[in-house]
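Below is one structure; the comments refer to it alone.
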Amino acid sequence: CYRRLLQMFGETVLGIPKEKFDEIFEEVKRRRGLKYDIELNVDDLKEIVEKFKRVIREESGRDFPQDPWEQLKLAIEAVFKSWYTPRAVVYRKTNKISDDLYTAVNIQAMVFGNIGKNSWTGVVFTRNPSTGEKELYGEYLDQAQGEDVVAGIRTPKPISKLKEEAPHLYEELKNICELLERHYKDIQDVEFTIEDGKLYILQTRAGKRTARAAVKIAVSMAKEGLISIEEALMMVQPEQLFQLLHPQIDPKFDAKPIARGLPASPGAATGKAIFDVDEAAELGGKGEAVILVRPETSPEDIHGVLASRGVLTSRGGMTCHAAVVARGMGKPAVVGCEAIRIDVEAKKFTVNGVEVKEGDIITIDGTTGNVYLGEVPMVEAEVTGELGELLAWTDEVRTLGVRANADTPEAAAKARAFGAQGIGLCRTERMFNAPDRLPIVQQMILSWKEDRKQILEKLKPLQKEDFKQIFRAMAGYPVTIRLLDLPLHEFLPRLEELVEEVTRLRLTGGNPEELKVKERMLKRVMELTEHNPMMGHRGCRLGIRHPEIYQMQTRAIFEAATELVKEEDLKIYVEVMLPLVSSASELAYLRKIVEETAEEVMKEAGVRVPYLIGTMIEVPRAALTADQIAQYAEFFSFGTNDLTQTTFAFSRDDAEAKFMAYYLENKILPYNPFEILDRDGVGKLIKMAVELGRKARKDLKIGICGEHGGEPSSIEFFHQIGIDYVSCSPYRVPVARLAAAQAKIREKQRNKQG
């Protein structure tokens, strides 16, 4: 015990590296040919004690204090200082615990599990923390102290063995565990010591558990009558549900990643590293497991993303193209992994001396941001019966609606399976990303007005069929379709490449017809190129300048809806959303075009479909003039991604790649505003817009369709200010359902408290 005191005091209080003590300890055991600490005799321990004292003197510059009061004082100081250790700082950051709080110091009597043969020590959970099963789960050692169990220096025994060694003590422990669980109304992680036949409980705390166990424990305890349904709902962290919906790396796997990026889309995937988008599409289409590795992705890469198991990029942030698309598809993604140096031409990347060539197997973990070399063991996602029960309870409690952001029939079907009550955002530009459509879209953008209508006629049947499938998947629920919000630069051929091609054709006397086409294209690209395309000719501005585009889309929407009503007798609810509006006059102008086209189509079909026309609020001016805009809008949907971007004047990808980490580390910002809603700025704008909008139109429907629609603390804010629904990626729908229920429960608790 004295040897232990010297070592632990030296490490914890005086900050001496653990290795200094371990080297001495292991050298004595090695010299004596011993395997376990318990085999050391008195003389061995005396020798170790003297050497430990020498280490303390050399490393700390002082003798080990013999006065117990001085030992206690220094130990208390060490606990307070531990608040600032890197480990504690990272833990607080991960669990969103304020740095302004402080730790406490508990002082308790020492008991000895190593005092003789009738002594044991161990750790036990009141339920299985991996599965949630109701059983004592844990380990213990005989003739040992607590740190021996967790340090792994001896192989502990399963707690069930204690029932054989000391049945009466096992029963006493079991009874106390049941008492503690009933008292705290949660799974308990209990440390115990038996000193010479007497049981002591050293500490109890809420036990860490897997997501699967968390759900099962909450549902089981409610059914057992230990807790209420509302208490059960509060026991599960919304983000834990995410883990149940995606394949995950086996928690038992322990290896060092070769790199780490931003965990943009959860889940894990293993496959061949492929650097060419077309090759990824080809190999993935043949059923091969592929990880698409790119500096960044664009809409042109969608076919490669679709065919891949996951995406790894060296650039981009949590809301970059790769991140948003991967989340929407439920594919794992690690983005902004700046440590990797990608050579697209050579088809390889290097990181910390490791070279990964095309075809090499890698594994990405979109839940942690880790990248591993080779194949890593996975565990399949499980949606258990308890999860279904828990989510059904959320629907009984919450008042906030939950919809999904879905751009494809597959995503819509997945959203319904996860309990979405409609689609809050269907981005029509995403439908243009398919390989067979992209060339037509580029033709449309590059064409002059006289050719555009003809090209739009080619796109209309494709869009109409998409809308039919989405309406069919969501029959009986509202579907909000955002008309084209196309940042033109994402769909245009690259100017530099066109200049290079035209120059080559001119110098080499290439095909005259090809040169003519390329020159015409170059001229058009130069006309359309913008200095700041994300704030340029996009959204409603594109619709006002080229109304034929929105007319085509409106016809496609209402032809799809009326045909489904006539042919399949389905209930279809259409909501047409106009993007990037900043003034009431823009919305009034476009509303007239949409309304006239919709009425024309329904008149031709002889069928009426219920519909609303509204707008996405994503620029500050729209929020500030919401009362004027509400005169022409039957619903608002806040696009919090762009609203955050325009409020802060941050470019999302640049901010996350360049300075966001520094801002967070130095507490310039408390959190990334693209992940958690900025209540003080962006939130204030939203609240103001809600109040202004409803003052002008009492029946105004209001939703959220940005990334924040699936983030729990943001959802609580939306509940508080009276939003009707949130919309998020399909895989976040269960998260949002639980977060919305918890927001309602907290509101009730606050009201009770006065």
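Letters for chains follow the order of the structure tokens (A, B, ...), residue numbers begin at 1 for each chain, and ligand numbers begin at 1 in the order shown.
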
Where in region 61-148 of chain A does DSSP assign alpha helix (DSSP H), given as a ChimeraX atom specification?
-> /A:68-81,86-94,146-148

Just the residues within 8 Å of Val311 (chain A), please, counting only C-alpha atoms, with nothing from its chain fewer than 4 positions along; format it as a ChimeraX atom specification.
-> /A:291-294,305,322,326,331-335

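Taking only C-alpha atoms into account, Gly113 (chain A) lies nearest to A:Leu199 out of the set A:Ile481, A:Ala417, A:Ile544, A:Leu199.
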
Do you know which residues are at most 12 Å from Leu590 (chain A) counting only C-alpha atoms, after dropping those on the same chain fewer than 4 positions away, and could you put them as a ChimeraX atom specification?
-> /A:483,539-551,554,576-581,583-586,594-597,613-615,632-633

Given the selection you just returned, output its residues as a file containing N, CA, C and O atoms, formatted as a compact mmCIF listing (two decimals), in the first residue's frame.
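That gives us again27.txt:
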# COMPACT_ATOMS: atom_id res chain seq x y z
N LEU A 483 -37.90 25.76 -56.00
CA LEU A 483 -37.56 25.95 -57.40
C LEU A 483 -36.06 26.24 -57.51
O LEU A 483 -35.40 26.57 -56.53
N GLY A 539 -30.82 31.63 -57.38
CA GLY A 539 -32.08 31.74 -56.65
C GLY A 539 -33.15 32.46 -57.44
O GLY A 539 -33.26 32.31 -58.67
N CYS A 540 -33.94 33.27 -56.74
CA CYS A 540 -35.05 33.96 -57.39
C CYS A 540 -34.58 34.91 -58.48
O CYS A 540 -35.31 35.21 -59.43
N ARG A 541 -33.33 35.37 -58.39
CA ARG A 541 -32.80 36.29 -59.41
C ARG A 541 -32.75 35.59 -60.76
O ARG A 541 -33.03 36.19 -61.80
N LEU A 542 -32.37 34.31 -60.72
CA LEU A 542 -32.34 33.52 -61.95
C LEU A 542 -33.75 33.35 -62.50
O LEU A 542 -33.99 33.44 -63.71
N GLY A 543 -34.73 33.11 -61.59
CA GLY A 543 -36.12 32.93 -62.02
C GLY A 543 -36.72 34.20 -62.60
O GLY A 543 -37.52 34.15 -63.54
N ILE A 544 -36.35 35.34 -62.03
CA ILE A 544 -36.87 36.63 -62.54
C ILE A 544 -36.26 36.93 -63.90
O ILE A 544 -36.94 37.36 -64.83
N ARG A 545 -34.97 36.67 -64.03
CA ARG A 545 -34.26 36.94 -65.29
C ARG A 545 -34.66 35.96 -66.37
O ARG A 545 -34.73 36.30 -67.56
N HIS A 546 -34.94 34.71 -65.98
CA HIS A 546 -35.31 33.66 -66.95
C HIS A 546 -36.57 32.94 -66.46
O HIS A 546 -36.50 31.79 -66.01
N PRO A 547 -37.72 33.59 -66.52
CA PRO A 547 -38.96 33.00 -65.97
C PRO A 547 -39.33 31.67 -66.61
O PRO A 547 -40.04 30.87 -66.00
N GLU A 548 -38.86 31.41 -67.81
CA GLU A 548 -39.19 30.16 -68.49
C GLU A 548 -38.71 28.94 -67.70
O GLU A 548 -39.30 27.85 -67.79
N ILE A 549 -37.65 29.12 -66.89
CA ILE A 549 -37.14 28.00 -66.09
C ILE A 549 -38.15 27.64 -65.00
O ILE A 549 -38.52 26.47 -64.81
N TYR A 550 -38.62 28.65 -64.25
CA TYR A 550 -39.59 28.40 -63.19
C TYR A 550 -40.94 27.96 -63.75
O TYR A 550 -41.66 27.17 -63.12
N GLN A 551 -41.29 28.44 -64.94
CA GLN A 551 -42.54 27.99 -65.57
C GLN A 551 -42.47 26.51 -65.88
O GLN A 551 -43.42 25.75 -65.64
N THR A 554 -42.71 24.55 -62.58
CA THR A 554 -44.07 24.58 -62.03
C THR A 554 -44.98 23.65 -62.81
O THR A 554 -45.80 22.91 -62.23
N VAL A 576 -44.85 25.13 -53.00
CA VAL A 576 -43.82 25.62 -53.91
C VAL A 576 -43.04 26.72 -53.19
O VAL A 576 -43.62 27.70 -52.73
N MET A 577 -41.72 26.53 -53.12
CA MET A 577 -40.88 27.47 -52.38
C MET A 577 -39.95 28.22 -53.33
O MET A 577 -39.26 27.62 -54.15
N LEU A 578 -39.95 29.55 -53.18
CA LEU A 578 -39.10 30.41 -54.01
C LEU A 578 -37.87 30.81 -53.21
O LEU A 578 -37.98 31.33 -52.10
N PRO A 579 -36.68 30.57 -53.77
CA PRO A 579 -35.44 30.73 -52.99
C PRO A 579 -34.80 32.11 -53.07
O PRO A 579 -34.99 32.86 -54.02
N LEU A 580 -34.04 32.43 -52.02
CA LEU A 580 -33.16 33.60 -51.95
C LEU A 580 -33.88 34.93 -52.14
O LEU A 580 -33.32 35.88 -52.65
N VAL A 581 -35.13 34.97 -51.72
CA VAL A 581 -35.90 36.22 -51.82
C VAL A 581 -35.38 37.22 -50.79
O VAL A 581 -35.11 36.86 -49.64
N SER A 583 -36.78 40.67 -51.06
CA SER A 583 -37.76 41.76 -51.02
C SER A 583 -39.13 41.22 -51.41
O SER A 583 -39.24 40.24 -52.16
N ALA A 584 -40.17 41.86 -50.89
CA ALA A 584 -41.54 41.44 -51.19
C ALA A 584 -41.83 41.53 -52.68
O ALA A 584 -42.58 40.72 -53.24
N SER A 585 -41.22 42.50 -53.36
CA SER A 585 -41.49 42.69 -54.79
C SER A 585 -40.97 41.51 -55.62
O SER A 585 -41.58 41.12 -56.61
N GLU A 586 -39.84 40.93 -55.21
CA GLU A 586 -39.33 39.73 -55.90
C GLU A 586 -40.33 38.60 -55.79
O GLU A 586 -40.66 37.91 -56.78
N VAL A 594 -45.80 31.58 -60.91
CA VAL A 594 -46.09 30.22 -60.41
C VAL A 594 -47.59 29.99 -60.35
O VAL A 594 -48.10 28.94 -60.78
N GLU A 595 -48.33 30.96 -59.81
CA GLU A 595 -49.78 30.82 -59.65
C GLU A 595 -50.47 30.64 -60.99
O GLU A 595 -51.32 29.75 -61.16
N GLU A 596 -50.12 31.48 -61.95
CA GLU A 596 -50.75 31.40 -63.28
C GLU A 596 -50.46 30.07 -63.94
O GLU A 596 -51.36 29.45 -64.53
N THR A 597 -49.21 29.60 -63.83
CA THR A 597 -48.84 28.31 -64.45
C THR A 597 -49.56 27.15 -63.76
O THR A 597 -50.08 26.25 -64.43
N ILE A 613 -47.88 28.66 -51.77
CA ILE A 613 -46.67 29.28 -52.33
C ILE A 613 -46.00 30.05 -51.20
O ILE A 613 -46.63 30.84 -50.51
N GLY A 614 -44.72 29.79 -51.02
CA GLY A 614 -43.99 30.44 -49.94
C GLY A 614 -42.56 30.72 -50.34
O GLY A 614 -42.19 30.61 -51.51
N THR A 615 -41.75 31.05 -49.36
CA THR A 615 -40.37 31.40 -49.68
C THR A 615 -39.41 30.90 -48.62
O THR A 615 -39.81 30.63 -47.48
N TYR A 632 -47.25 38.01 -49.45
CA TYR A 632 -47.26 37.20 -50.68
C TYR A 632 -46.85 35.75 -50.41
O TYR A 632 -46.75 34.97 -51.34
N ALA A 633 -46.61 35.40 -49.15
CA ALA A 633 -46.15 34.04 -48.81
C ALA A 633 -47.13 33.38 -47.86
O ALA A 633 -47.53 33.98 -46.86

Close residues, region 744-747 of chain A itself excluded, 7 Å, only C-alpha atoms, min 3 positions apart in chain, as a VMD selection string | chain A and resid 230 398 740 to 741 750 to 751

Write out as a PyMOL selection string the residues lying within 12 Å of Lys134 (chain A), counting only C-alpha atoms and excluding same-chain residues fewer than 2 positions away.
-> chain A and resi 125-132+136-137+174+177-178+181+186-188+213+216-221+224

Limited to C-alpha atoms, could you put the picked residues into a file as a PDB file, in the first residue's frame?
ATOM      1  CA  PHE A 125     -22.949  -2.069 -13.868  1.00  0.00           C
ATOM      2  CA  THR A 126     -26.543  -2.547 -12.825  1.00  0.00           C
ATOM      3  CA  ARG A 127     -27.386  -3.444 -16.448  1.00  0.00           C
ATOM      4  CA  ASN A 128     -25.331  -4.530 -19.427  1.00  0.00           C
ATOM      5  CA  PRO A 129     -23.932  -1.259 -20.847  1.00  0.00           C
ATOM      6  CA  SER A 130     -23.499  -2.787 -24.312  1.00  0.00           C
ATOM      7  CA  THR A 131     -26.897  -4.420 -24.799  1.00  0.00           C
ATOM      8  CA  GLY A 132     -29.073  -2.905 -22.067  1.00  0.00           C
ATOM      9  CA  LEU A 136     -25.281  -7.424 -13.174  1.00  0.00           C
ATOM     10  CA  TYR A 137     -22.385  -6.824 -15.523  1.00  0.00           C
ATOM     11  CA  LYS A 174     -26.902  -7.150  -6.029  1.00  0.00           C
ATOM     12  CA  CYS A 177     -27.169  -2.131  -6.919  1.00  0.00           C
ATOM     13  CA  GLU A 178     -30.936  -2.487  -7.312  1.00  0.00           C
ATOM     14  CA  GLU A 181     -30.698   2.111  -9.630  1.00  0.00           C
ATOM     15  CA  ASP A 186     -30.722   5.161 -14.269  1.00  0.00           C
ATOM     16  CA  ILE A 187     -28.131   2.479 -14.956  1.00  0.00           C
ATOM     17  CA  GLN A 188     -25.376   2.740 -12.329  1.00  0.00           C
ATOM     18  CA  ALA A 213     -28.225  -0.028 -24.646  1.00  0.00           C
ATOM     19  CA  LYS A 216     -33.293  -0.493 -24.374  1.00  0.00           C
ATOM     20  CA  ILE A 217     -32.610   0.684 -20.811  1.00  0.00           C
ATOM     21  CA  ALA A 218     -34.925   3.696 -21.153  1.00  0.00           C
ATOM     22  CA  VAL A 219     -37.792   1.643 -22.605  1.00  0.00           C
ATOM     23  CA  SER A 220     -37.307  -1.240 -20.151  1.00  0.00           C
ATOM     24  CA  MET A 221     -37.249   1.031 -17.099  1.00  0.00           C
ATOM     25  CA  GLU A 224     -40.897  -1.792 -15.289  1.00  0.00           C
TER      26      GLU A 224
END

Could you jot down the CA of Glu527 (chain A) to CA of Ile593 (chain A) separation for me, Å, one decimal place?
->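 Here the two named atoms are 26.5 Å from each other.
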
When distances are computed from only C-alpha atoms, which of A:Glu559, A:Glu338, A:Glu634, A:Asp278 shows the smallest separation from Lys603 (chain A)?
->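 Counting only C-alpha atoms, the residue closest to Lys603 (chain A) is A:Glu559.
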
Residue nearest Tyr372 (chain A) - candidates A:Gln631, A:Thr625, A:Thr313, A:Thr270, atoms counted: only C-alpha atoms =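 For Tyr372 (chain A), the nearest of the candidates is A:Thr270.
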
Would you kindly return, as a list in words, each protein, DNA or RNA residue with an atom no farther than 10 Å from any atom of region 659-674 of chain A, considering only C-alpha atoms and excluding same-chain residues fewer than 6 positions away?
->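 Returned residues: Lys93, Lys96, Ser98, Gly317, Met318, Thr319, Thr640, Asn641, Asp642, Leu643, Thr644, Gln645, Phe648, Phe650, Arg652, Asp653, Gly681, Val682, Gly706, Glu707 and His708 of chain A.
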
Which of region 205-425 of chain A fall in strand (DSSP E or B), as a VMD selection string = chain A and resid 205 to 206 248 to 249 259 to 260 262 to 265 268 to 274 290 to 294 310 to 313 333 to 335 341 to 343 348 to 351 354 to 357 361 to 365 370 to 373 378 to 379 401 to 405 423 to 425
